[in-house]
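**Student:** Dumping the structure here so I can ask a few things about it.
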Amino acid sequence: MRVAVVGAGRIGGNIARQLADGGHSVAVCFARDQAALRARAEEIGASAADPAEAVGAADVVVLSVPWDAIGSALEQCASLDGKIVIDTTNQYGAGPMPPAGTTAAAFNAARMPGARYTKCFNTLTSAFQIEVAHREPRVVQWLCGDDVEAKESVAILVRDAGYEPVDLGAVEDCAVMEAPRRAGAVYGEEYRLAEAEQVVEALRAGRPIPSAPRY
Ligand SMILES: NC(=O)c1ccc[n+]([C@@H]2O[C@H](COP(=O)([O-])OP(=O)(O)OC[C@H]3O[C@@H](n4cnc5c(N)ncnc54)[C@H](OP(=O)(O)O)[C@@H]3O)[C@@H](O)[C@H]2O)c1
């Protein structure tokens, strides 16, 4: 797939490298330091472009910027209409916040009209994601979104990046994969497939999820 990574820092840079290694065509964009962006692109086998150009040429857009930079990133991306978006962000720091009772995913999806919004890669630290990529048994990356076909494409990318995708459902239903780390949520926890399936089952049945596993 043609992938644009908007914000190639710790999380976006990992994803860019993993997808380039997996044979995808990756462009990185949106940086204050353009020279560092170009150097990073070269090192990971991606191209560097400006956001509108990278996004315009992409099938999938990975949004991986600090929360307070989302507005500016979206402005520079121009149109996300019809693009599959993978949002890796967490609501830390400044910037407009989701109202109580609204997930960050639902809030951000509404900021990207026309995008085929998904959220993924947000629950584990960047260092841990690097450490466990391609490890067997695979570590889970939780995924949510309202567009089932978009999620199927994202699941392919998640597998190519070295993880096991597990679909939590719609953007309104994904509070357990959002910050902060806390009892009764999957955010910040390592999961493998069997235990992740128990979480999905519990959520669908309206039960509390089982305690986070210890491996
Ligand atoms: N780090 C983690 O462990 C982790 C884990 C899960 C999810 N997340 C979430 O993923 C998102 C990205 O986190 P990250 O840790 O990868 O961030 P990061 O390392 O700080 O990377 C941010 C990227 O955005 C670019 N950028 C462009 N304009 C910016 C601006 N105005 N302010 C800040 N950065 C700007 C930076 O490039 P320049 O520096 O050249 O501007 C950099 O490439 C966040 O929403 C975070 O909550 C992070």
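For the structure tokens, the naming scheme is as follows: chains receive sequential letters (A, B, ...) according to their order of presentation, residues are indexed from 1 within each chain, and ligands are indexed from 1 in presentation order.
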At most 8 Å is the cut-off: for each residue in chain A with any atom that close to an atom of ligand 1, write down the nearest atom pair and the distance in Å rounded to one decimal, counting only C-alpha atoms and all ligand atoms, chain first then increasing number, as JSON lines.
**Tutor:**
{"residue": "A:Val6", "atom": "CA", "partner": "ligand 1", "partner_atom_place_in_ligand_line": "24 (O)", "distance": 7.1}
{"residue": "A:Gly7", "atom": "CA", "partner": "ligand 1", "partner_atom_place_in_ligand_line": "24 (O)", "distance": 3.6}
{"residue": "A:Ala8", "atom": "CA", "partner": "ligand 1", "partner_atom_place_in_ligand_line": "43 (O)", "distance": 3.9}
{"residue": "A:Gly9", "atom": "CA", "partner": "ligand 1", "partner_atom_place_in_ligand_line": "21 (O)", "distance": 3.3}
{"residue": "A:Arg10", "atom": "CA", "partner": "ligand 1", "partner_atom_place_in_ligand_line": "16 (O)", "distance": 3.6}
{"residue": "A:Ile11", "atom": "CA", "partner": "ligand 1", "partner_atom_place_in_ligand_line": "16 (O)", "distance": 3.7}
{"residue": "A:Gly12", "atom": "CA", "partner": "ligand 1", "partner_atom_place_in_ligand_line": "16 (O)", "distance": 5.5}
{"residue": "A:Gly13", "atom": "CA", "partner": "ligand 1", "partner_atom_place_in_ligand_line": "16 (O)", "distance": 7.1}
{"residue": "A:Cys29", "atom": "CA", "partner": "ligand 1", "partner_atom_place_in_ligand_line": "43 (O)", "distance": 7.9}
{"residue": "A:Phe30", "atom": "CA", "partner": "ligand 1", "partner_atom_place_in_ligand_line": "27 (C)", "distance": 4.9}
{"residue": "A:Ala31", "atom": "CA", "partner": "ligand 1", "partner_atom_place_in_ligand_line": "27 (C)", "distance": 3.6}
{"residue": "A:Arg32", "atom": "CA", "partner": "ligand 1", "partner_atom_place_in_ligand_line": "41 (O)", "distance": 3.5}
{"residue": "A:Asp33", "atom": "CA", "partner": "ligand 1", "partner_atom_place_in_ligand_line": "40 (O)", "distance": 3.9}
{"residue": "A:Gln34", "atom": "CA", "partner": "ligand 1", "partner_atom_place_in_ligand_line": "40 (O)", "distance": 6.4}
{"residue": "A:Ala36", "atom": "CA", "partner": "ligand 1", "partner_atom_place_in_ligand_line": "40 (O)", "distance": 6.4}
{"residue": "A:Leu37", "atom": "CA", "partner": "ligand 1", "partner_atom_place_in_ligand_line": "40 (O)", "distance": 6.3}
{"residue": "A:Leu63", "atom": "CA", "partner": "ligand 1", "partner_atom_place_in_ligand_line": "11 (C)", "distance": 7.6}
{"residue": "A:Ser64", "atom": "CA", "partner": "ligand 1", "partner_atom_place_in_ligand_line": "12 (C)", "distance": 4.3}
{"residue": "A:Val65", "atom": "CA", "partner": "ligand 1", "partner_atom_place_in_ligand_line": "12 (C)", "distance": 4.1}
{"residue": "A:Pro66", "atom": "CA", "partner": "ligand 1", "partner_atom_place_in_ligand_line": "45 (O)", "distance": 3.9}
{"residue": "A:Trp67", "atom": "CA", "partner": "ligand 1", "partner_atom_place_in_ligand_line": "45 (O)", "distance": 4.8}
{"residue": "A:Asp68", "atom": "CA", "partner": "ligand 1", "partner_atom_place_in_ligand_line": "32 (N)", "distance": 7.2}
{"residue": "A:Ala69", "atom": "CA", "partner": "ligand 1", "partner_atom_place_in_ligand_line": "31 (N)", "distance": 5.0}
{"residue": "A:Ser72", "atom": "CA", "partner": "ligand 1", "partner_atom_place_in_ligand_line": "31 (N)", "distance": 7.4}
{"residue": "A:Ala73", "atom": "CA", "partner": "ligand 1", "partner_atom_place_in_ligand_line": "28 (N)", "distance": 7.1}
{"residue": "A:Thr88", "atom": "CA", "partner": "ligand 1", "partner_atom_place_in_ligand_line": "10 (O)", "distance": 4.9}
{"residue": "A:Thr89", "atom": "CA", "partner": "ligand 1", "partner_atom_place_in_ligand_line": "45 (O)", "distance": 3.2}
{"residue": "A:Asn90", "atom": "CA", "partner": "ligand 1", "partner_atom_place_in_ligand_line": "47 (O)", "distance": 3.9}
{"residue": "A:Gln91", "atom": "CA", "partner": "ligand 1", "partner_atom_place_in_ligand_line": "47 (O)", "distance": 6.4}
{"residue": "A:Tyr92", "atom": "CA", "partner": "ligand 1", "partner_atom_place_in_ligand_line": "47 (O)", "distance": 6.1}
{"residue": "A:Phe121", "atom": "CA", "partner": "ligand 1", "partner_atom_place_in_ligand_line": "6 (C)", "distance": 6.2}
{"residue": "A:Asn122", "atom": "CA", "partner": "ligand 1", "partner_atom_place_in_ligand_line": "7 (C)", "distance": 3.9}
{"residue": "A:Thr123", "atom": "CA", "partner": "ligand 1", "partner_atom_place_in_ligand_line": "6 (C)", "distance": 5.4}
{"residue": "A:Leu124", "atom": "CA", "partner": "ligand 1", "partner_atom_place_in_ligand_line": "5 (C)", "distance": 5.3}
{"residue": "A:Thr125", "atom": "CA", "partner": "ligand 1", "partner_atom_place_in_ligand_line": "3 (O)", "distance": 3.3}
{"residue": "A:Ser126", "atom": "CA", "partner": "ligand 1", "partner_atom_place_in_ligand_line": "3 (O)", "distance": 3.9}
{"residue": "A:Ala127", "atom": "CA", "partner": "ligand 1", "partner_atom_place_in_ligand_line": "3 (O)", "distance": 6.5}
{"residue": "A:Phe128", "atom": "CA", "partner": "ligand 1", "partner_atom_place_in_ligand_line": "3 (O)", "distance": 7.9}
**Student:** Selection from above, N, CA, C and O atoms, as a short mmCIF file (atom, residue, chain, number, x, y, z; two decimals), in the first residue's frame, can you write it?
**Tutor:**
data_model
loop_
_atom_site.label_atom_id
_atom_site.label_comp_id
_atom_site.auth_asym_id
_atom_site.auth_seq_id
_atom_site.Cartn_x
_atom_site.Cartn_y
_atom_site.Cartn_z
N VAL A 6 2.26 10.97 8.89
CA VAL A 6 2.24 12.39 9.27
C VAL A 6 2.78 12.47 10.69
O VAL A 6 2.09 12.13 11.65
N GLY A 7 4.04 12.88 10.82
CA GLY A 7 4.70 12.89 12.13
C GLY A 7 5.51 11.62 12.31
O GLY A 7 5.02 10.63 12.87
N ALA A 8 6.75 11.65 11.82
CA ALA A 8 7.60 10.44 11.87
C ALA A 8 8.52 10.50 13.08
O ALA A 8 9.74 10.45 12.97
N GLY A 9 7.91 10.63 14.26
CA GLY A 9 8.68 10.63 15.50
C GLY A 9 8.82 9.22 16.03
O GLY A 9 9.04 8.28 15.28
N ARG A 10 8.66 9.09 17.36
CA ARG A 10 8.88 7.77 17.96
C ARG A 10 7.89 6.74 17.42
O ARG A 10 8.29 5.69 16.90
N ILE A 11 6.60 7.03 17.50
CA ILE A 11 5.60 6.05 17.04
C ILE A 11 5.51 6.05 15.51
O ILE A 11 5.62 4.99 14.87
N GLY A 12 5.34 7.21 14.90
CA GLY A 12 5.21 7.26 13.44
C GLY A 12 6.47 6.77 12.74
O GLY A 12 6.39 6.10 11.70
N GLY A 13 7.63 7.10 13.31
CA GLY A 13 8.89 6.63 12.71
C GLY A 13 9.01 5.12 12.75
O GLY A 13 9.44 4.49 11.78
N CYS A 29 6.12 12.91 6.49
CA CYS A 29 5.88 14.36 6.32
C CYS A 29 5.49 14.98 7.64
O CYS A 29 5.28 14.28 8.62
N PHE A 30 5.41 16.31 7.63
CA PHE A 30 4.99 17.14 8.77
C PHE A 30 6.06 17.13 9.86
O PHE A 30 6.06 16.28 10.74
N ALA A 31 6.96 18.11 9.78
CA ALA A 31 8.03 18.23 10.78
C ALA A 31 8.41 19.69 10.90
O ALA A 31 8.31 20.46 9.95
N ARG A 32 8.89 20.07 12.09
CA ARG A 32 9.47 21.40 12.25
C ARG A 32 10.87 21.41 11.67
O ARG A 32 11.33 22.41 11.16
N ASP A 33 11.54 20.26 11.75
CA ASP A 33 12.92 20.16 11.27
C ASP A 33 12.94 19.33 9.97
O ASP A 33 12.97 18.10 9.99
N GLN A 34 12.92 20.05 8.84
CA GLN A 34 12.82 19.37 7.54
C GLN A 34 14.07 18.56 7.21
O GLN A 34 13.99 17.50 6.59
N ALA A 36 16.02 17.02 9.36
CA ALA A 36 15.95 15.77 10.15
C ALA A 36 14.93 14.81 9.52
O ALA A 36 15.15 13.60 9.49
N LEU A 37 13.84 15.38 9.01
CA LEU A 37 12.82 14.53 8.36
C LEU A 37 13.41 13.82 7.14
O LEU A 37 13.21 12.62 6.95
N LEU A 63 -1.61 9.15 11.28
CA LEU A 63 -1.50 10.44 11.98
C LEU A 63 -0.83 10.18 13.32
O LEU A 63 -1.40 9.51 14.19
N SER A 64 0.39 10.69 13.49
CA SER A 64 1.16 10.34 14.68
C SER A 64 1.90 11.56 15.21
O SER A 64 3.13 11.58 15.25
N VAL A 65 1.13 12.53 15.62
CA VAL A 65 1.70 13.79 16.12
C VAL A 65 1.21 14.01 17.56
O VAL A 65 0.21 13.43 17.98
N PRO A 66 1.90 14.86 18.34
CA PRO A 66 1.39 15.19 19.67
C PRO A 66 -0.02 15.77 19.55
O PRO A 66 -0.36 16.42 18.55
N TRP A 67 -0.79 15.56 20.62
CA TRP A 67 -2.21 15.97 20.60
C TRP A 67 -2.37 17.44 20.18
O TRP A 67 -3.23 17.79 19.39
N ASP A 68 -1.50 18.31 20.72
CA ASP A 68 -1.68 19.73 20.44
C ASP A 68 -1.26 20.11 19.02
O ASP A 68 -1.47 21.26 18.61
N ALA A 69 -0.68 19.18 18.27
CA ALA A 69 -0.28 19.48 16.89
C ALA A 69 -1.28 18.90 15.87
O ALA A 69 -1.10 19.07 14.65
N SER A 72 -2.97 21.55 13.45
CA SER A 72 -2.06 22.05 12.44
C SER A 72 -1.72 20.95 11.40
O SER A 72 -1.64 21.20 10.20
N ALA A 73 -1.56 19.72 11.87
CA ALA A 73 -1.27 18.61 10.94
C ALA A 73 -2.44 18.42 9.97
O ALA A 73 -2.24 18.29 8.76
N THR A 88 -2.85 7.41 15.76
CA THR A 88 -2.11 6.80 16.87
C THR A 88 -2.12 7.68 18.10
O THR A 88 -1.45 7.39 19.08
N THR A 89 -2.85 8.79 18.06
CA THR A 89 -2.66 9.82 19.09
C THR A 89 -3.37 9.49 20.41
O THR A 89 -4.36 8.76 20.44
N ASN A 90 -2.84 10.07 21.47
CA ASN A 90 -3.49 10.02 22.78
C ASN A 90 -3.70 11.44 23.28
O ASN A 90 -2.89 12.33 23.00
N GLN A 91 -4.76 11.62 24.06
CA GLN A 91 -5.17 12.97 24.46
C GLN A 91 -4.38 13.46 25.67
O GLN A 91 -4.91 13.63 26.74
N TYR A 92 -3.08 13.66 25.46
CA TYR A 92 -2.22 14.24 26.50
C TYR A 92 -1.75 15.62 26.04
O TYR A 92 -1.48 15.81 24.85
N PHE A 121 -2.24 1.41 17.25
CA PHE A 121 -0.83 1.65 17.63
C PHE A 121 -0.70 2.63 18.80
O PHE A 121 0.37 3.18 19.02
N ASN A 122 -1.79 2.90 19.55
CA ASN A 122 -1.73 3.96 20.57
C ASN A 122 -1.56 3.44 21.98
O ASN A 122 -1.39 4.25 22.90
N THR A 123 -1.67 2.11 22.19
CA THR A 123 -1.77 1.65 23.59
C THR A 123 -0.44 1.23 24.21
O THR A 123 -0.38 1.04 25.42
N LEU A 124 0.59 1.07 23.40
CA LEU A 124 1.88 0.57 23.91
C LEU A 124 2.97 1.60 23.65
O LEU A 124 2.94 2.28 22.62
N THR A 125 3.95 1.69 24.54
CA THR A 125 5.01 2.69 24.34
C THR A 125 5.80 2.37 23.07
O THR A 125 5.86 1.22 22.62
N SER A 126 6.43 3.41 22.55
CA SER A 126 7.20 3.22 21.32
C SER A 126 8.34 2.23 21.54
O SER A 126 8.61 1.39 20.68
N ALA A 127 8.99 2.30 22.71
CA ALA A 127 10.11 1.38 22.98
C ALA A 127 9.61 -0.06 23.01
O ALA A 127 10.24 -0.97 22.45
N PHE A 128 8.45 -0.28 23.63
CA PHE A 128 7.90 -1.63 23.72
C PHE A 128 7.47 -2.12 22.33
O PHE A 128 7.67 -3.29 21.98
#
**Student:** Which of these, A:Ala202, A:Val3, A:Ile86, A:Ala20, has the shortest distance to Gly56 (chain A) once you count only C-alpha atoms?
**Tutor:**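 Comparing A:Ala202, A:Val3, A:Ile86, A:Ala20 against Gly56 (chain A), the winner is A:Val3.
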**Student:** Figure out the distance between CA of Ala196 (chain A) and CA of Ala212 (chain A), please, to one decimal in Å.
**Tutor:**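 Spanning CA of Ala212 (chain A) to CA of Ala196 (chain A) is a straight-line distance of 9.4 Å.
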**Student:** Could you tell me how far CA of Tyr187 (chain A) sits from CA of Ala150 (chain A), in Å to one decimal place?
**Tutor:**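 About the pair CA of Ala150 (chain A) and CA of Tyr187 (chain A): they are 22.1 Å apart.
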**Student:** Rounded to one decimal, what separation in Å do you get between CA of Asp147 (chain A) and CA of Val85 (chain A)?
**Tutor:**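 A separation of 10.6 Å between them.
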**Student:** Can you tell me which residues surround Thr102 (chain A) at a distance of at most 10 Å, considering only C-alpha atoms, apart from same-chain residues fewer than 5 positions away, and format the answer as a list in words?
**Tutor:**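 Non-adjacent residues within range: Met97, Phe107, Val171, Glu172, Asp173, Cys174 and Ala175 of chain A.
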**Student:** Which residue out of A:Ile15, A:Ile130, A:Val62, A:Ile70 has the minimum interatomic distance to Gly95 (chain A) when only C-alpha atoms are used?
**Tutor:**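 Smallest separation from Gly95 (chain A) among the options: A:Ile70.
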**Student:** Apply DSSP to the backbone of this structure and, from region 27-194 of chain A, keep only the residues in strand (DSSP E or B); write these as an MDAnalysis selection string.
**Tutor:** chainID A and resid 27:29 47:48 60:63 84:87 116:120 140:145 164:169
**Student:** With DSSP run on the backbone, what are the helix (DSSP H, G or I) residues within region 45-168 of chain A? I'd like them as a ChimeraX atom specification.
**Tutor:** /A:51-56,67-77,104-110,126-132,148-161
**Student:** Skip Tyr215 (chain A) itself and residues of its chain fewer than 2 positions away, then list as an MDAnalysis selection string all residues within 9 Å of it, counting only C-alpha atoms.
**Tutor:** chainID A and resid 190:191 213
**Student:** Write out the residues from the selection above, keeping N, CA and C atoms, as a PDB file, in the first residue's frame.
**Tutor:**
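File written: result_24.pdb
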ATOM      1  N   GLU A 190       0.172  -5.287  27.721  1.00  0.00           N
ATOM      2  CA  GLU A 190       0.464  -6.262  26.660  1.00  0.00           C
ATOM      3  C   GLU A 190      -0.643  -7.311  26.617  1.00  0.00           C
ATOM      4  N   TYR A 191      -1.114  -7.573  25.433  1.00  0.00           N
ATOM      5  CA  TYR A 191      -2.078  -8.649  25.207  1.00  0.00           C
ATOM      6  C   TYR A 191      -1.612  -9.542  24.076  1.00  0.00           C
ATOM      7  N   PRO A 213      -3.626  -9.505  31.461  1.00  0.00           N
ATOM      8  CA  PRO A 213      -2.790 -10.699  31.642  1.00  0.00           C
ATOM      9  C   PRO A 213      -1.374 -10.336  32.072  1.00  0.00           C
TER      10      PRO A 213
END
**Student:** Can you pull out the residues contacting Glu152 (chain A)? Cut-off 12 Å, using only C-alpha atoms, and skip same-chain residues under 4 positions away; I want them as a list in words.
**Tutor:**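 Here the answer would be Ile84, Arg116, Thr118, Leu143, Cys144, Gly145, Asp146, Asp147, Val148, Ile156, Leu157, Val158, Arg159, Pro165, Val166 and Asp167 of chain A.
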**Student:** Near Asp59 (chain A), within 12 Å and counting only C-alpha atoms, which residues show up once chain neighbours fewer than 4 positions away are dropped, as a PyMOL selection string?
**Tutor:** chain A and resi 1-5+24-27+54-55+80-86+115-116+150+153-154+157
